[in-house]
Amino acid sequence: MRLPARPLRGRVRRPWRLAAEASALLIAAVVAFPLYWMVLSAFRPAGEIESTEPRPWTLAPSLDSFRRVFGQQEFGRYFLNSLLVAGSVVIASALIAFLAATAVTRFRFRFRTTLLIMFLVAQTVPVEALTIPLFFLMRDFGQLNTLGALILPHIAFSLPFAIWMLRGFVKAVPEALEEAAYIDGASRARFLWRILFPLVFPGLVATSVFSFISTWNDFLFAKSFIISDTSRSTLPMALLVFYKPDEPDWGGVMAASTVMTVPVLVFFVLVQRRLVSGLGGAVKD
């Protein structure tokens with residue numbers, strides 16, 4: 001008995017699928033190559049780093065660059081300062097954005113649309129254009145050379161994006177669920193924190209990733225607002241210790257950059273499941 005022929009559609013789609021997978025792998029390799037080169041340079045001995053013929057491997061890995069990094073007296077303090085600043089920004093911006101997104105979604109008030117447009121316009125203003133005005137503002141409030149000078153601006157810059165993103169999550173939660181909670185005797189505060197907050201938590205994770213990365217890698221504000229008190233500096237400022245115009249320590253720079261990358265990777269690993277569902281933004285009725 002002759003078997004029926006396989007559908008032609010599956011055989012036609014397969015080359016396109018292979019091409020798409022190959023393209024994805026190529027793009028991933030291009031994106032990951034700078035990270036690989038950074039880690040490789042951190043483990044290279046000084047002679048290979050300064051070589052005029054760089055190779056994409058090393059046969060003599062060394063920890064000398066990491067010893068110089070951890071041997072810096074203030075490196076641990078910089079690390080703790082970065083954790084404190086990034087953690088404060090993530091928690092504060094998430095809570096404020098959640099309450100603000102709930103307000104602009106569930107309530108009707110005057111200038112509501114204007115406020116949403118202002119949030120969107122705020123995203124278009126480059127950070128560099130606001131650095132000098134923020135410097136004078138922090139000076140007038142006496143916040144220069146304090147961690148507050150780094151926390152407050154990052155909260156302000158993280159909120160517009162977070163509010164716009166969380167607005168979609170709050171809007172996707174059916175109002176019938178809120179009405180049912182009120183009928184069952186739940187107060188507005190209980191509905192907010194016991195029902196609505198868990199439903200929009202994936203969106204909070206997604207916005208927290210944005211806040212954490214932008215704060216953790218910040219160099220502009222740290223350089224502009226921390227002037228004389230180096231004990232308040234963060235990790236990006238630690239790179240300046242190894243970068244000297246006449247004789248830069250590229251091994252130290254790469255090792256310090258590798259150490260800076262580890263907390264970001266750990267943060268991604270911890271929130272990856274929530275991040276995927278948060279970027280999907282699906283809340284079923």
# chains A, B, ... in the order shown; residues from 1 in each chain; ligands from 1
$ select_by_dssp --residues "range 118-270 of chain A" --states "helix (DSSP H, G or I)" --output "ChimeraX atom specification"
/A:118-122,127-140,148-172,175-183,188-216,220-225,230-232,235-242,250-270
$ residues_around --residues "Ala222 in chain A" --least-positions-apart "4" --cutoff "12 Å" --atoms "only C-alpha atoms" --output "PyMOL selection string"
chain A and resi 78+81-82+85+131+135+144-151+153-154+215-218+226-238+240
$ closest_residue --among "A:Ile155, A:Ala172, A:Trp16, A:Gly252" --to "Phe70 in chain A" --atoms "only C-alpha atoms"
A:Gly252
$ residues_around --residues "Leu177 in chain A" --least-positions-apart "2" --cutoff "12 Å" --atoms "only C-alpha atoms" --output "short mmCIF file (atom, residue, chain, number, x, y, z; two decimals) with N, CA and C atoms, in the first residue's frame"
data_model
loop_
_atom_site.label_atom_id
_atom_site.label_comp_id
_atom_site.auth_asym_id
_atom_site.auth_seq_id
_atom_site.Cartn_x
_atom_site.Cartn_y
_atom_site.Cartn_z
N VAL A 170 -2.38 46.97 35.10
CA VAL A 170 -3.52 47.31 35.96
C VAL A 170 -4.81 47.35 35.15
N LYS A 171 -4.71 47.87 33.94
CA LYS A 171 -5.89 47.95 33.09
C LYS A 171 -6.38 46.58 32.68
N ALA A 172 -5.48 45.60 32.56
CA ALA A 172 -5.86 44.26 32.15
C ALA A 172 -6.59 43.49 33.25
N VAL A 173 -6.44 43.91 34.49
CA VAL A 173 -7.17 43.26 35.59
C VAL A 173 -8.64 43.67 35.50
N PRO A 174 -9.57 42.74 35.36
CA PRO A 174 -10.99 43.10 35.17
C PRO A 174 -11.56 43.84 36.37
N GLU A 175 -12.37 44.84 36.07
CA GLU A 175 -13.02 45.59 37.15
C GLU A 175 -14.01 44.73 37.92
N GLU A 179 -14.88 44.66 41.94
CA GLU A 179 -16.23 44.75 42.50
C GLU A 179 -16.56 43.54 43.36
N ALA A 180 -16.14 42.36 42.93
CA ALA A 180 -16.39 41.15 43.72
C ALA A 180 -15.66 41.22 45.05
N ALA A 181 -14.46 41.77 45.05
CA ALA A 181 -13.71 41.89 46.31
C ALA A 181 -14.40 42.85 47.27
N TYR A 182 -14.98 43.95 46.74
CA TYR A 182 -15.68 44.88 47.60
C TYR A 182 -16.95 44.26 48.16
N ILE A 183 -17.63 43.47 47.36
CA ILE A 183 -18.85 42.81 47.82
C ILE A 183 -18.53 41.84 48.96
N ASP A 184 -17.38 41.18 48.85
CA ASP A 184 -16.97 40.23 49.89
C ASP A 184 -16.43 40.92 51.13
N ALA A 186 -13.85 43.30 51.26
CA ALA A 186 -12.46 43.76 51.22
C ALA A 186 -12.40 45.27 51.08
N PHE A 191 -7.68 45.16 48.74
CA PHE A 191 -7.72 44.76 47.33
C PHE A 191 -6.43 45.17 46.63
N LEU A 192 -5.92 46.32 47.00
CA LEU A 192 -4.72 46.84 46.33
C LEU A 192 -3.52 45.93 46.57
N ILE A 195 -4.70 41.52 46.23
CA ILE A 195 -5.23 40.99 44.97
C ILE A 195 -4.53 41.63 43.77
N LEU A 196 -4.56 42.97 43.71
CA LEU A 196 -4.02 43.65 42.53
C LEU A 196 -2.50 43.54 42.46
N LEU A 199 -1.12 40.31 40.97
CA LEU A 199 -1.44 40.17 39.56
C LEU A 199 -0.50 41.00 38.67
N LYS A 284 -5.08 37.18 32.42
CA LYS A 284 -6.32 36.61 31.88
C LYS A 284 -7.51 37.03 32.72
N ASP A 285 -8.63 37.20 32.02
CA ASP A 285 -9.88 37.54 32.68
C ASP A 285 -10.51 36.24 33.21
#
$ residues_around --residues "Leu134 in chain A" --least-positions-apart "4" --cutoff "10 Å" --atoms "only C-alpha atoms" --output "list in words"
Val127, Ala129, Leu130, Met138, Arg139, Asp140, Ala149, Pro153, Phe221, Ser224 and Phe225 of chain A
$ closest_residue --among "A:Ala97, A:Leu59, A:Val121, A:Met38" --to "Gly203 in chain A" --atoms "only C-alpha atoms"
A:Ala97
$ closest_residue --among "A:Leu80, A:Leu116, A:Ala86, A:Met260" --to "Ser211 in chain A" --atoms "only C-alpha atoms"
A:Ala86
$ residues_around --residues "Gln123 in chain A" --least-positions-apart "3" --cutoff "12 Å" --atoms "only C-alpha atoms" --output "VMD selection string"
chain A and resid 116 to 120 126 to 127 156 to 164
$ closest_residue --among "A:Leu166, A:Ala255, A:Ala103, A:Ala60" --to "Gly47 in chain A" --atoms "only C-alpha atoms"
A:Ala60
$ closest_residue --among "A:Val269, A:Ala32, A:Leu204, A:Leu239" --to "Met254 in chain A" --atoms "only C-alpha atoms"
A:Leu239
$ atom_distance --atom1 "CA of Thr114 in chain A" --atom2 "CA of Ile96 in chain A"
18.9 Å
$ atom_distance --atom1 "CA of Val264 in chain A" --atom2 "CA of Phe212 in chain A"
8.1 Å
$ atom_distance --atom1 "CA of Arg108 in chain A" --atom2 "CA of Glu178 in chain A"
16.1 Å
$ closest_residue --among "A:Phe136, A:Phe98, A:Phe109, A:Phe219" --to "Val205 in chain A" --atoms "only C-alpha atoms"
A:Phe98
$ residues_around --residues "Val209 in chain A" --least-positions-apart "4" --cutoff "9 Å" --atoms "only C-alpha atoms" --output "count of residues only"
10
